[in-house]
file final_2.csv (CSV, C-alpha atoms and all ligand atoms)
chain,number,residue,atom,x,y,z
T,1,MET,CA,-20.4,-50.9,42.9
T,2,LYS,CA,-23.4,-52.3,44.7
T,3,PRO,CA,-25.2,-49.7,46.8
T,4,LEU,CA,-24.0,-49.6,50.4
T,5,ILE,CA,-27.1,-50.1,52.5
T,6,SER,CA,-26.5,-49.1,56.1
T,7,LYS,CA,-27.3,-51.7,58.7
T,8,LEU,CA,-27.8,-48.8,61.1
T,9,PRO,CA,-29.4,-46.1,59.0
T,10,ASN,CA,-30.8,-44.2,62.0
T,11,VAL,CA,-27.5,-43.9,63.8
T,12,GLY,CA,-25.6,-40.7,63.6
T,13,THR,CA,-22.9,-39.1,65.8
T,14,THR,CA,-23.9,-39.6,69.5
T,15,ILE,CA,-25.2,-36.6,71.4
T,16,PHE,CA,-22.3,-37.1,73.8
T,17,THR,CA,-19.8,-36.5,71.1
T,18,VAL,CA,-21.8,-33.6,69.7
T,19,MET,CA,-22.1,-31.8,73.0
T,20,SER,CA,-18.4,-32.4,73.9
T,21,GLN,CA,-17.4,-30.9,70.5
T,22,LEU,CA,-19.7,-28.0,71.0
T,23,ALA,CA,-18.3,-27.4,74.5
T,24,GLU,CA,-14.8,-27.3,73.1
T,25,GLN,CA,-15.7,-25.0,70.3
T,26,HIS,CA,-17.3,-22.5,72.7
T,27,ARG,CA,-14.9,-23.1,75.6
T,28,ALA,CA,-17.9,-24.2,77.7
T,29,VAL,CA,-17.5,-26.0,81.0
T,30,ASN,CA,-18.3,-29.5,79.9
T,31,LEU,CA,-20.7,-31.2,82.3
T,32,SER,CA,-22.2,-33.2,79.4
T,33,GLN,CA,-20.3,-36.4,78.7
T,34,GLY,CA,-20.0,-38.7,81.7
T,35,PHE,CA,-16.3,-38.8,82.5
T,36,PRO,CA,-14.4,-37.6,85.5
T,37,ASP,CA,-11.9,-34.7,85.2
T,38,PHE,CA,-9.7,-36.1,88.1
T,39,SER,CA,-7.1,-38.8,87.9
T,40,PRO,CA,-7.2,-42.5,88.7
T,41,PRO,CA,-5.7,-43.4,92.1
T,42,ALA,CA,-1.9,-42.9,92.2
T,43,GLY,CA,-1.3,-46.5,93.4
T,44,LEU,CA,-3.1,-47.8,90.3
T,45,LEU,CA,-1.1,-45.5,88.0
T,46,GLU,CA,2.1,-46.8,89.6
T,47,ARG,CA,1.1,-50.4,88.9
T,48,VAL,CA,0.3,-49.5,85.3
T,49,GLU,CA,3.8,-48.1,84.9
T,50,ASN,CA,5.3,-51.2,86.5
T,51,ALA,CA,3.2,-53.4,84.2
T,52,LEU,CA,4.4,-51.4,81.1
T,53,ARG,CA,8.0,-51.7,82.2
T,54,GLY,CA,7.6,-55.4,82.9
T,55,ARG,CA,6.5,-58.3,80.8
T,56,TYR,CA,2.8,-57.5,80.2
T,57,HIS,CA,2.9,-56.7,76.5
T,58,GLN,CA,1.5,-59.7,74.7
T,59,TYR,CA,-2.1,-61.0,74.3
T,60,ALA,CA,-3.9,-61.5,77.5
T,61,PRO,CA,-5.8,-64.8,77.8
T,62,MET,CA,-8.9,-64.6,75.7
T,63,PRO,CA,-11.4,-64.4,78.6
T,64,GLY,CA,-9.2,-62.1,80.6
T,65,SER,CA,-6.2,-62.2,82.8
T,66,VAL,CA,-6.4,-65.0,85.3
T,67,ALA,CA,-5.3,-62.7,88.1
T,68,LEU,CA,-8.0,-60.1,87.2
T,69,ARG,CA,-10.8,-62.6,86.9
T,70,ALA,CA,-9.8,-64.0,90.3
T,71,ALA,CA,-9.8,-60.5,91.8
T,72,ILE,CA,-13.2,-59.8,90.3
T,73,ALA,CA,-14.6,-63.0,91.8
T,74,GLY,CA,-13.1,-62.1,95.2
T,75,LYS,CA,-14.7,-58.6,95.0
T,76,LEU,CA,-18.1,-60.0,94.2
T,77,LYS,CA,-17.9,-62.3,97.2
T,78,ASP,CA,-16.7,-59.5,99.4
T,79,MET,CA,-19.2,-56.8,98.2
T,80,TYR,CA,-22.3,-58.9,97.5
T,81,GLY,CA,-21.7,-62.3,99.1
T,82,VAL,CA,-22.1,-64.0,95.7
T,83,THR,CA,-19.9,-66.9,94.5
T,84,VAL,CA,-18.9,-67.0,90.8
T,85,ASP,CA,-16.4,-69.2,89.1
T,86,PRO,CA,-13.7,-66.9,87.7
T,87,VAL,CA,-12.7,-69.6,85.2
T,88,THR,CA,-16.1,-70.1,83.6
T,89,ASP,CA,-18.3,-67.1,84.6
T,90,VAL,CA,-16.2,-64.0,84.2
T,91,THR,CA,-15.1,-62.5,80.9
T,92,VAL,CA,-13.0,-59.3,80.7
T,93,THR,CA,-14.0,-57.0,77.8
T,94,SER,CA,-12.9,-53.7,76.3
T,95,GLY,CA,-15.3,-51.6,78.3
T,96,ALA,CA,-18.9,-52.5,79.4
T,97,THR,CA,-19.9,-51.5,75.9
T,98,GLU,CA,-18.2,-54.6,74.4
T,99,ALA,CA,-19.9,-56.8,77.0
T,100,ILE,CA,-23.3,-55.3,76.3
T,101,PHE,CA,-22.8,-55.8,72.5
T,102,GLU,CA,-21.7,-59.4,73.0
T,103,ALA,CA,-24.5,-60.3,75.4
T,104,ILE,CA,-27.0,-59.0,73.0
T,105,GLN,CA,-25.4,-60.8,70.0
T,106,ALA,CA,-25.3,-64.0,72.1
T,107,VAL,CA,-29.0,-64.3,72.6
T,108,VAL,CA,-31.0,-62.1,70.2
T,109,ARG,CA,-32.0,-63.7,66.9
T,110,PRO,CA,-33.8,-62.1,64.0
T,111,GLY,CA,-37.3,-61.2,64.9
T,112,ASP,CA,-36.8,-61.4,68.6
T,113,GLU,CA,-38.1,-58.6,70.9
T,114,VAL,CA,-35.9,-56.9,73.4
T,115,ILE,CA,-37.4,-54.7,76.1
T,116,VAL,CA,-35.6,-51.6,77.2
T,117,PHE,CA,-36.7,-48.9,79.6
T,118,ASP,CA,-36.6,-45.3,78.5
T,119,PRO,CA,-34.7,-43.1,79.1
T,120,CYS,CA,-32.2,-45.6,78.0
T,121,TYR,CA,-28.4,-45.8,77.4
T,122,ASP,CA,-27.7,-45.3,73.7
T,123,SER,CA,-25.7,-48.5,72.9
T,124,TYR,CA,-28.4,-51.0,73.5
T,125,GLU,CA,-30.6,-50.4,70.5
T,126,PRO,CA,-27.9,-50.5,67.7
T,127,SER,CA,-26.6,-53.8,69.1
T,128,VAL,CA,-30.1,-55.2,69.0
T,129,THR,CA,-30.7,-53.9,65.5
T,130,LEU,CA,-27.4,-55.5,64.3
T,131,ALA,CA,-28.6,-58.8,65.8
T,132,GLY,CA,-31.9,-58.5,63.7
T,133,GLY,CA,-34.0,-58.0,66.9
T,134,ASN,CA,-36.7,-55.4,67.5
T,135,VAL,CA,-36.5,-53.0,70.5
T,136,VAL,CA,-39.6,-52.4,72.5
T,137,HIS,CA,-39.3,-49.2,74.5
T,138,LEU,CA,-41.2,-48.9,77.8
T,139,PRO,CA,-41.1,-45.6,79.6
T,140,LEU,CA,-40.0,-45.4,83.2
T,141,VAL,CA,-42.5,-43.6,85.4
T,142,LEU,CA,-41.6,-40.1,86.5
T,143,PRO,CA,-40.7,-38.6,88.9
T,144,GLN,CA,-38.9,-41.7,90.4
T,145,PHE,CA,-38.1,-43.3,87.0
T,146,ALA,CA,-39.7,-46.5,88.2
T,147,ILE,CA,-40.6,-49.6,86.2
T,148,ASP,CA,-44.2,-49.8,85.3
T,149,TRP,CA,-44.7,-53.5,86.3
T,150,ASP,CA,-48.1,-53.9,84.7
T,151,ARG,CA,-46.9,-52.4,81.4
T,152,LEU,CA,-43.8,-54.7,81.5
T,153,GLU,CA,-46.0,-57.7,82.1
T,154,ALA,CA,-48.3,-56.7,79.3
T,155,SER,CA,-45.4,-56.3,76.9
T,156,LEU,CA,-43.7,-59.6,77.6
T,157,ASN,CA,-44.7,-62.3,75.1
T,158,ALA,CA,-43.4,-65.4,73.3
T,159,ARG,CA,-41.1,-63.3,71.1
T,160,THR,CA,-39.5,-61.5,74.0
T,161,ARG,CA,-35.9,-62.8,74.2
T,162,LEU,CA,-34.2,-60.3,76.5
T,163,VAL,CA,-35.0,-57.5,78.9
T,164,ILE,CA,-32.3,-54.9,79.7
T,165,VAL,CA,-32.1,-53.0,83.0
T,166,ASN,CA,-29.6,-50.5,84.2
T,167,THR,CA,-29.0,-49.8,87.9
T,168,PRO,CA,-28.0,-47.3,89.1
T,169,HIS,CA,-29.6,-45.7,86.1
T,170,ASN,CA,-28.1,-43.3,83.6
T,171,PRO,CA,-29.4,-40.6,83.2
T,172,SER,CA,-31.9,-40.5,86.1
T,173,GLY,CA,-29.9,-42.0,89.0
T,174,ALA,CA,-32.7,-44.3,90.0
T,175,VAL,CA,-31.7,-47.6,91.6
T,176,LEU,CA,-33.4,-51.0,91.6
T,177,ARG,CA,-33.9,-52.8,95.0
T,178,SER,CA,-33.5,-56.5,95.5
T,179,ALA,CA,-37.3,-56.8,95.6
T,180,ASP,CA,-37.4,-55.4,92.1
T,181,PHE,CA,-35.1,-58.3,91.0
T,182,ASP,CA,-37.4,-60.8,92.8
T,183,ARG,CA,-40.3,-59.4,90.8
T,184,LEU,CA,-38.3,-59.6,87.5
T,185,ALA,CA,-37.3,-63.2,88.3
T,186,ASP,CA,-40.9,-64.0,88.6
T,187,LEU,CA,-41.9,-62.4,85.3
T,188,LEU,CA,-38.9,-63.6,83.3
T,189,ARG,CA,-39.4,-67.2,84.5
T,190,ARG,CA,-42.9,-67.1,83.1
T,191,TYR,CA,-41.8,-65.8,79.7
T,192,ASP,CA,-38.5,-67.7,79.7
T,193,CYS,CA,-36.3,-64.8,78.7
T,194,TYR,CA,-32.8,-63.5,79.5
T,195,LEU,CA,-31.8,-60.4,81.4
T,196,LEU,CA,-29.0,-58.0,80.7
T,197,SER,CA,-28.2,-56.0,83.9
T,198,ASP,CA,-26.1,-53.0,83.2
T,199,GLU,CA,-24.5,-52.2,86.6
T,200,VAL,CA,-21.6,-50.0,85.5
T,201,TYR,CA,-22.3,-47.5,88.3
T,202,GLU,CA,-22.5,-50.2,91.0
T,203,HIS,CA,-20.2,-48.2,93.4
T,204,VAL,CA,-22.0,-44.9,92.9
T,205,VAL,CA,-25.0,-45.3,95.3
T,206,PHE,CA,-25.9,-42.8,98.0
T,207,ASP,CA,-27.5,-42.2,101.4
T,208,GLY,CA,-26.3,-45.5,102.9
T,209,ALA,CA,-28.1,-47.6,100.3
T,210,ARG,CA,-26.3,-50.8,99.1
T,211,HIS,CA,-26.2,-51.6,95.5
T,212,ALA,CA,-28.6,-54.5,94.6
T,213,THR,CA,-27.0,-56.7,92.0
T,214,VAL,CA,-28.8,-59.2,89.8
T,215,LEU,CA,-26.1,-61.7,90.8
T,216,ALA,CA,-27.6,-61.8,94.4
T,217,GLN,CA,-30.9,-63.1,93.0
T,218,PRO,CA,-30.0,-66.7,92.3
T,219,GLU,CA,-32.9,-67.6,90.1
T,220,LEU,CA,-32.5,-64.5,87.9
T,221,ALA,CA,-28.7,-64.7,87.9
T,222,ALA,CA,-29.1,-68.1,86.2
T,223,ARG,CA,-30.6,-66.3,83.1
T,224,SER,CA,-28.6,-63.0,83.3
T,225,PHE,CA,-25.6,-61.2,82.0
T,226,ALA,CA,-24.3,-58.7,84.6
T,227,VAL,CA,-22.1,-56.0,83.1
T,228,PHE,CA,-19.6,-53.8,85.0
T,229,SER,CA,-17.0,-51.2,84.1
T,230,PHE,CA,-13.5,-50.5,85.5
T,231,GLY,CA,-13.7,-47.1,83.7
T,232,LYS,CA,-16.4,-45.9,86.1
T,233,THR,CA,-14.9,-47.3,89.2
T,234,TYR,CA,-11.3,-46.1,88.7
T,235,HIS,CA,-11.9,-42.7,87.1
T,236,ALA,CA,-10.4,-44.2,83.9
T,237,THR,CA,-13.1,-44.2,81.2
T,238,GLY,CA,-10.5,-44.0,78.5
T,239,TRP,CA,-9.0,-47.3,79.5
T,240,LYS,CA,-12.1,-49.1,78.2
T,241,LEU,CA,-12.0,-52.1,80.4
T,242,GLY,CA,-15.1,-53.9,81.8
T,243,TYR,CA,-16.4,-57.4,82.4
T,244,CYS,CA,-19.4,-59.6,82.1
T,245,VAL,CA,-20.5,-62.1,84.7
T,246,ALA,CA,-22.8,-64.8,83.5
T,247,PRO,CA,-23.4,-68.5,84.1
T,248,ALA,CA,-20.9,-70.8,82.3
T,249,PRO,CA,-23.2,-71.6,79.3
T,250,LEU,CA,-24.0,-67.9,78.7
T,251,SER,CA,-20.4,-66.9,79.3
T,252,ALA,CA,-19.3,-69.5,76.7
T,253,GLU,CA,-21.5,-67.7,74.1
T,254,ILE,CA,-20.1,-64.3,75.1
T,255,ARG,CA,-16.6,-65.7,74.6
T,256,ARG,CA,-17.4,-67.1,71.2
T,257,ILE,CA,-18.1,-63.6,70.1
T,258,HIS,CA,-15.5,-61.8,72.2
T,259,GLN,CA,-12.9,-64.1,70.6
T,260,TYR,CA,-13.6,-62.5,67.2
T,261,VAL,CA,-14.4,-59.0,68.2
T,262,THR,CA,-11.3,-58.1,70.2
T,263,PHE,CA,-10.0,-61.5,71.1
T,264,SER,CA,-8.7,-60.1,74.4
T,265,SER,CA,-8.3,-56.7,76.2
T,266,THR,CA,-5.3,-54.7,77.0
T,267,THR,CA,-2.8,-56.8,79.0
T,268,PRO,CA,-0.9,-54.2,81.2
T,269,LEU,CA,-4.0,-52.5,82.4
T,270,GLN,CA,-5.6,-55.8,83.3
T,271,GLN,CA,-2.5,-56.7,85.3
T,272,ALA,CA,-2.4,-53.3,87.1
T,273,LEU,CA,-6.1,-53.5,87.9
T,274,ALA,CA,-5.8,-57.1,89.2
T,275,GLU,CA,-3.1,-56.0,91.7
T,276,TYR,CA,-4.8,-52.8,92.7
T,277,LEU,CA,-8.2,-54.4,93.2
T,278,VAL,CA,-6.8,-56.9,95.7
T,279,ALA,CA,-4.5,-54.4,97.5
T,280,HIS,CA,-6.9,-51.5,97.7
T,281,PRO,CA,-10.5,-52.6,98.1
T,282,GLU,CA,-11.1,-49.4,100.1
T,283,HIS,CA,-11.0,-47.6,96.8
T,284,HIS,CA,-14.3,-49.0,95.6
T,285,ARG,CA,-15.7,-49.3,99.2
T,286,ASN,CA,-15.2,-45.5,99.6
T,287,LEU,CA,-16.6,-44.6,96.2
T,288,PRO,CA,-20.2,-43.9,97.4
T,289,ALA,CA,-18.9,-41.4,100.0
T,290,PHE,CA,-16.5,-39.9,97.5
T,291,TYR,CA,-19.3,-39.2,95.0
T,292,GLN,CA,-21.9,-38.3,97.6
T,293,GLU,CA,-19.8,-35.4,98.6
T,294,ARG,CA,-19.7,-34.2,95.0
T,295,ARG,CA,-23.4,-34.8,94.5
T,296,ASP,CA,-24.1,-32.7,97.6
T,297,TYR,CA,-21.6,-30.0,96.6
T,298,PHE,CA,-23.2,-29.6,93.2
T,299,ALA,CA,-26.8,-29.7,94.5
T,300,ALA,CA,-25.8,-26.9,96.9
T,301,LEU,CA,-24.5,-24.9,94.0
T,302,LEU,CA,-27.7,-25.4,92.0
T,303,LYS,CA,-29.7,-24.0,94.9
T,304,HIS,CA,-28.4,-20.5,93.8
T,305,THR,CA,-29.7,-21.0,90.3
T,306,LYS,CA,-33.2,-21.4,88.7
T,307,PHE,CA,-32.6,-25.0,88.0
T,308,GLU,CA,-34.7,-27.4,90.0
T,309,PRO,CA,-32.7,-30.5,90.8
T,310,LEU,CA,-34.3,-34.0,91.0
T,311,PRO,CA,-33.2,-36.5,93.7
T,312,VAL,CA,-30.1,-38.5,92.9
T,313,PRO,CA,-30.0,-42.0,94.6
T,314,GLY,CA,-27.1,-43.2,92.4
T,315,THR,CA,-24.7,-42.5,89.5
T,316,TYR,CA,-22.7,-39.3,89.0
T,317,PHE,CA,-25.5,-37.5,87.0
T,318,GLN,CA,-27.8,-34.8,88.2
T,319,LEU,CA,-31.1,-34.2,86.4
T,320,ALA,CA,-32.5,-30.8,86.7
T,321,ASP,CA,-35.7,-29.1,85.5
T,322,TYR,CA,-35.0,-25.8,83.6
T,323,GLY,CA,-38.7,-24.8,83.1
T,324,ALA,CA,-38.1,-21.7,85.2
T,325,ILE,CA,-35.4,-20.5,82.8
T,326,SER,CA,-36.6,-21.3,79.3
T,327,SER,CA,-39.5,-22.8,77.3
T,328,LEU,CA,-37.1,-24.1,74.6
T,329,PRO,CA,-37.2,-27.9,73.9
T,330,ASP,CA,-34.3,-29.6,75.7
T,331,VAL,CA,-32.0,-30.1,72.6
T,332,GLU,CA,-32.3,-26.5,71.7
T,333,PHE,CA,-31.9,-25.5,75.4
T,334,ALA,CA,-28.7,-27.6,75.7
T,335,ARG,CA,-27.2,-25.9,72.6
T,336,TRP,CA,-28.2,-22.5,73.8
T,337,LEU,CA,-26.8,-23.1,77.3
T,338,THR,CA,-23.5,-24.3,75.8
T,339,ILE,CA,-23.1,-21.6,73.1
T,340,GLU,CA,-24.6,-18.5,75.0
T,341,HIS,CA,-23.8,-19.4,78.6
T,342,GLY,CA,-20.8,-21.7,78.4
T,343,VAL,CA,-22.1,-24.8,80.2
T,344,ALA,CA,-22.5,-28.0,78.3
T,345,VAL,CA,-25.2,-30.5,79.4
T,346,ILE,CA,-27.1,-33.4,77.8
T,347,PRO,CA,-30.8,-33.0,76.9
T,348,VAL,CA,-32.8,-35.9,78.4
T,349,SER,CA,-35.0,-36.5,75.3
T,350,VAL,CA,-32.1,-38.1,73.5
T,351,PHE,CA,-32.5,-41.1,75.8
T,352,TYR,CA,-36.1,-41.7,74.6
T,353,GLU,CA,-37.9,-43.2,71.7
T,354,ARG,CA,-40.8,-40.9,72.5
T,355,ALA,CA,-39.8,-38.3,75.1
T,356,PRO,CA,-42.4,-37.1,77.6
T,357,ASP,CA,-43.2,-33.4,77.8
T,358,VAL,CA,-40.6,-32.4,80.4
T,359,LYS,CA,-37.8,-29.9,80.5
T,360,LEU,CA,-34.9,-31.9,81.9
T,361,VAL,CA,-31.2,-31.8,81.3
T,362,ARG,CA,-28.4,-34.0,82.7
T,363,PHE,CA,-25.3,-32.6,84.4
T,364,CYS,CA,-22.3,-34.8,85.1
T,365,PHE,CA,-20.9,-34.0,88.6
T,366,ALA,CA,-17.9,-36.3,88.4
T,367,LYS,CA,-15.7,-33.2,88.3
T,368,GLU,CA,-13.3,-31.2,90.5
T,369,ASN,CA,-15.0,-28.7,92.7
T,370,ALA,CA,-13.3,-25.9,90.7
T,371,THR,CA,-15.0,-27.2,87.5
T,372,LEU,CA,-18.4,-27.4,89.3
T,373,ASP,CA,-17.8,-23.9,90.7
T,374,ALA,CA,-17.0,-22.5,87.3
T,375,ALA,CA,-20.2,-24.0,85.8
T,376,ALA,CA,-22.3,-22.8,88.8
T,377,GLN,CA,-21.0,-19.2,88.4
T,378,ARG,CA,-22.3,-19.2,84.8
T,379,LEU,CA,-25.6,-20.9,85.7
T,380,ARG,CA,-26.3,-18.3,88.4
T,381,ALA,CA,-26.4,-15.7,85.7
T,382,LEU,CA,-29.4,-17.3,84.1
T,401,LIG,C1,-25.3,-47.0,81.6
T,401,LIG,C2,-24.0,-47.2,80.9
T,401,LIG,N1,-23.7,-48.4,80.4
T,401,LIG,C3,-22.5,-48.7,79.8
T,401,LIG,C4,-21.6,-47.7,79.7
T,401,LIG,C5,-20.3,-48.0,78.9
T,401,LIG,O1,-19.2,-48.3,79.8
T,401,LIG,P1,-17.8,-48.4,79.2
T,401,LIG,O2,-17.2,-47.1,79.1
T,401,LIG,O3,-17.1,-49.3,80.2
T,401,LIG,O4,-17.8,-49.1,77.9
T,401,LIG,C6,-21.9,-46.4,80.1
T,401,LIG,C7,-20.9,-45.3,79.9
T,401,LIG,O5,-21.2,-44.1,80.0
T,401,LIG,C8,-23.1,-46.2,80.8
T,401,LIG,O6,-23.5,-45.0,81.2
call {"tool": "encode", "arguments": {"input": "final_2.csv", "output": "structure tokens", "more": "lines below"}}
Ligand SMILES: Cc1ncc(COP(=O)(O)O)c(C=O)c1O
result
Amino acid sequence: MKPLISKLPNVGTTIFTVMSQLAEQHRAVNLSQGFPDFSPPAGLLERVENALRGRYHQYAPMPGSVALRAAIAGKLKDMYGVTVDPVTDVTVTSGATEAIFEAIQAVVRPGDEVIVFDPCYDSYEPSVTLAGGNVVHLPLVLPQFAIDWDRLEASLNARTRLVIVNTPHNPSGAVLRSADFDRLADLLRRYDCYLLSDEVYEHVVFDGARHATVLAQPELAARSFAVFSFGKTYHATGWKLGYCVAPAPLSAEIRRIHQYVTFSSTTPLQQALAEYLVAHPEHHRNLPAFYQERRDYFAALLKHTKFEPLPVPGTYFQLADYGAISSLPDVEFARWLTIEHGVAVIPVSVFYERAPDVKLVRFCFAKENATLDAAAQRLRAL
């Protein structure tokens, strides 16, 4: 047999799986992986049941259910005042992960450079590697996790094909403002490259801020893929449904790939989401307040511990400095905390190519108060 040469030799089991397994093994409170421990809205679950009892069992249209794409376009108009054509510009995918993979495959060619900002979500790099591209990691500047614009400009060159941003940002919670997209538009025009804007936490922004989407920056939107996730918005990460919004020619390329990766995504869930999105826009409109309450609740609990929480403008993640508790490197600290003290967290260095010398871990606060209380009780003992 010919030797099997891995196309992704550096990829192992993700830290999220590792920490969740460790949490289960040691009966730790799992604040590591980013998923809620509460249910999707009851009205949505009813619609799923109805769809399952009804006639929604066969392949959905390849780009997504017509009703769902129309509902998505309606929501984008309502939330951000942007007009997209649901027929040509919106593609429903099996989670944002599929959309990210396909956007990258659509534009990245062998030898192309793709700029990402560290700390960075873990699915970007393997997708670029499979497309034959090279990832250029630029660190975000602490403590705000801000883009270093000079460094970005210095890194852009004729080989740069794609820049990937994520707002609100996992793991730091940092958000981009519309002025940041203006600045990106200026830079990317000069270097003629594409943008992938990962906006899966679009409805998890705090303190009265409004989510700035790339879709509202017309010049940049013309060269961008914007990616969203129903899993994050409806407390249903296991449903694996998301979508990509991009101009027609870019969406056509996404669909060429989507057609042969999954062909289409689960029909009954698309139907239920289409109905619910139109009937209950208050669900996503109220999400910032819903998560802000949890953010503040968890921050108040952390005050009684030696962790030093960082500000959280968006997402359902809380970064905290553990320097007053331990001098262990973060991966070892996270294992120790899980095994010895029963709280599972994610070490921040795993989001980096070259991690800075900081002692930060990520907690997920998308949890019932009882779960957060149980974690805090253990953290207070440290
Ligand atoms: C920044 C970011 N992008 C994309 C995803 C993937 O979303 P989905 O579960 O819809 O595939 C996640 C999930 O944690 C995420 O945090």
call {"tool": "residues_around", "arguments": {"input": "final_2.csv", "residues": "Leu52 (chain T)", "least_positions_apart": "4", "cutoff": "7 Å", "atoms": "only C-alpha atoms", "output": "list of chain:residue names"}}
result
T:Val48, T:Tyr56, T:Pro268
call {"tool": "write_last_selection", "arguments": {"input": "final_2.csv", "atoms": "C-alpha atoms", "output": "mmCIF file, in the coordinates of the input"}}
result
data_model
loop_
_atom_site.group_PDB
_atom_site.id
_atom_site.type_symbol
_atom_site.label_atom_id
_atom_site.label_comp_id
_atom_site.auth_asym_id
_atom_site.auth_seq_id
_atom_site.Cartn_x
_atom_site.Cartn_y
_atom_site.Cartn_z
ATOM 1 C CA VAL T 48 0.300 -49.500 85.300
ATOM 2 C CA TYR T 56 2.800 -57.500 80.200
ATOM 3 C CA PRO T 268 -0.900 -54.200 81.200
#
call {"tool": "atom_distance", "arguments": {"input": "final_2.csv", "atom1": "CA of Val358 (chain T)", "atom2": "CA of Asp321 (chain T)"}}
result
7.8 Å
call {"tool": "closest_residue", "arguments": {"input": "final_2.csv", "among": "T:Ser197, T:Asn10, T:Asn166, T:Gln25", "to": "ligand LIG 401 (chain T)", "atoms": "only C-alpha atoms and all ligand atoms"}}
result
T:Asn166
call {"tool": "atom_distance", "arguments": {"input": "final_2.csv", "atom1": "CA of Met19 (chain T)", "atom2": "CA of Pro313 (chain T)"}}
result
25.2 Å
call {"tool": "closest_atom_pairs", "arguments": {"input": "final_2.csv", "of": "chain T", "to": "ligand LIG 401 (chain T)", "cutoff": "6 Å", "atoms": "only C-alpha atoms and all ligand atoms", "output": "JSON lines"}}
result
{"residue": "T:Gly34", "atom": "CA", "partner": "T:LIG401", "partner_atom": "O5", "distance": 5.8}
{"residue": "T:Gly95", "atom": "CA", "partner": "T:LIG401", "partner_atom": "O3", "distance": 3.5}
{"residue": "T:Ala96", "atom": "CA", "partner": "T:LIG401", "partner_atom": "O3", "distance": 3.8}
{"residue": "T:Thr97", "atom": "CA", "partner": "T:LIG401", "partner_atom": "O4", "distance": 3.8}
{"residue": "T:Tyr121", "atom": "CA", "partner": "T:LIG401", "partner_atom": "C1", "distance": 5.4}
{"residue": "T:Asn170", "atom": "CA", "partner": "T:LIG401", "partner_atom": "C1", "distance": 5.1}
{"residue": "T:Asp198", "atom": "CA", "partner": "T:LIG401", "partner_atom": "N1", "distance": 5.9}
{"residue": "T:Val200", "atom": "CA", "partner": "T:LIG401", "partner_atom": "N1", "distance": 5.7}
{"residue": "T:Ser229", "atom": "CA", "partner": "T:LIG401", "partner_atom": "O3", "distance": 4.3}
{"residue": "T:Gly231", "atom": "CA", "partner": "T:LIG401", "partner_atom": "O3", "distance": 5.4}
{"residue": "T:Thr237", "atom": "CA", "partner": "T:LIG401", "partner_atom": "O2", "distance": 5.4}
{"residue": "T:Lys240", "atom": "CA", "partner": "T:LIG401", "partner_atom": "O3", "distance": 5.4}
{"residue": "T:Leu241", "atom": "CA", "partner": "T:LIG401", "partner_atom": "O3", "distance": 5.8}
{"residue": "T:Gly242", "atom": "CA", "partner": "T:LIG401", "partner_atom": "O3", "distance": 5.3}
call {"tool": "closest_residue", "arguments": {"input": "final_2.csv", "among": "T:Arg151, T:His280, T:Arg223, T:His235", "to": "Ala185 (chain T)", "atoms": "all atoms listed in the file"}}
result
T:Arg223
call {"tool": "closest_residue", "arguments": {"input": "final_2.csv", "among": "T:Val204, T:Tyr194, T:Leu372, T:His341", "to": "Leu156 (chain T)", "atoms": "only C-alpha atoms"}}
result
T:Tyr194
call {"tool": "closest_residue", "arguments": {"input": "final_2.csv", "among": "T:Ser39, T:Ser123, T:Gln58, T:Thr93", "to": "Gln259 (chain T)", "atoms": "only C-alpha atoms"}}
result
T:Thr93
call {"tool": "atom_distance", "arguments": {"input": "final_2.csv", "atom1": "CA of Leu273 (chain T)", "atom2": "CA of Tyr234 (chain T)"}}
result
9.1 Å
call {"tool": "closest_residue", "arguments": {"input": "final_2.csv", "among": "T:Lys2, T:His203, T:Arg161, T:His169", "to": "Tyr191 (chain T)", "atoms": "all atoms listed in the file"}}
result
T:Arg161
call {"tool": "closest_residue", "arguments": {"input": "final_2.csv", "among": "T:Val108, T:Val29, T:Ile164, T:Ala324", "to": "Pro309 (chain T)", "atoms": "all atoms listed in the file"}}
result
T:Ala324
call {"tool": "residues_around", "arguments": {"input": "final_2.csv", "residues": "Gln271 (chain T)", "least_positions_apart": "2", "cutoff": "12 Å", "atoms": "all atoms listed in the file", "output": "PyMOL selection string"}}
result
chain T and resi 44-52+54-61+64-71+92+241+265-269+273-278
call {"tool": "residues_around", "arguments": {"input": "final_2.csv", "residues": "region 208-211 of chain T", "least_positions_apart": "6", "cutoff": "8 Å", "atoms": "only C-alpha atoms", "output": "list in words"}}
result
Pro168, Val175, Arg177 and Glu202 of chain T
call {"tool": "residues_around", "arguments": {"input": "final_2.csv", "residues": "Arg183 (chain T)", "least_positions_apart": "2", "cutoff": "12 Å", "atoms": "all atoms listed in the file", "output": "list in words"}}
result
Ile147, Asp148, Trp149, Asp150, Leu152, Glu153, Leu176, Arg177, Ser178, Ala179, Asp180, Phe181, Ala185, Asp186, Leu187, Leu188, Arg189, Arg190, Val214, Gln217, Glu219 and Leu220 of chain T
call {"tool": "residues_near_point", "arguments": {"input": "final_2.csv", "point": "(-13.4, -27.4, 86.7)", "cutoff": "10 Å", "atoms": "all atoms listed in the file", "output": "CSV table (one decimal) with C-alpha atoms, in the coordinates of the input"}}
result
chain,number,residue,atom,x,y,z
T,29,VAL,CA,-17.5,-26.0,81.0
T,30,ASN,CA,-18.3,-29.5,79.9
T,31,LEU,CA,-20.7,-31.2,82.3
T,37,ASP,CA,-11.9,-34.7,85.2
T,38,PHE,CA,-9.7,-36.1,88.1
T,367,LYS,CA,-15.7,-33.2,88.3
T,368,GLU,CA,-13.3,-31.2,90.5
T,369,ASN,CA,-15.0,-28.7,92.7
T,370,ALA,CA,-13.3,-25.9,90.7
T,371,THR,CA,-15.0,-27.2,87.5
T,372,LEU,CA,-18.4,-27.4,89.3
T,373,ASP,CA,-17.8,-23.9,90.7
T,374,ALA,CA,-17.0,-22.5,87.3
T,375,ALA,CA,-20.2,-24.0,85.8
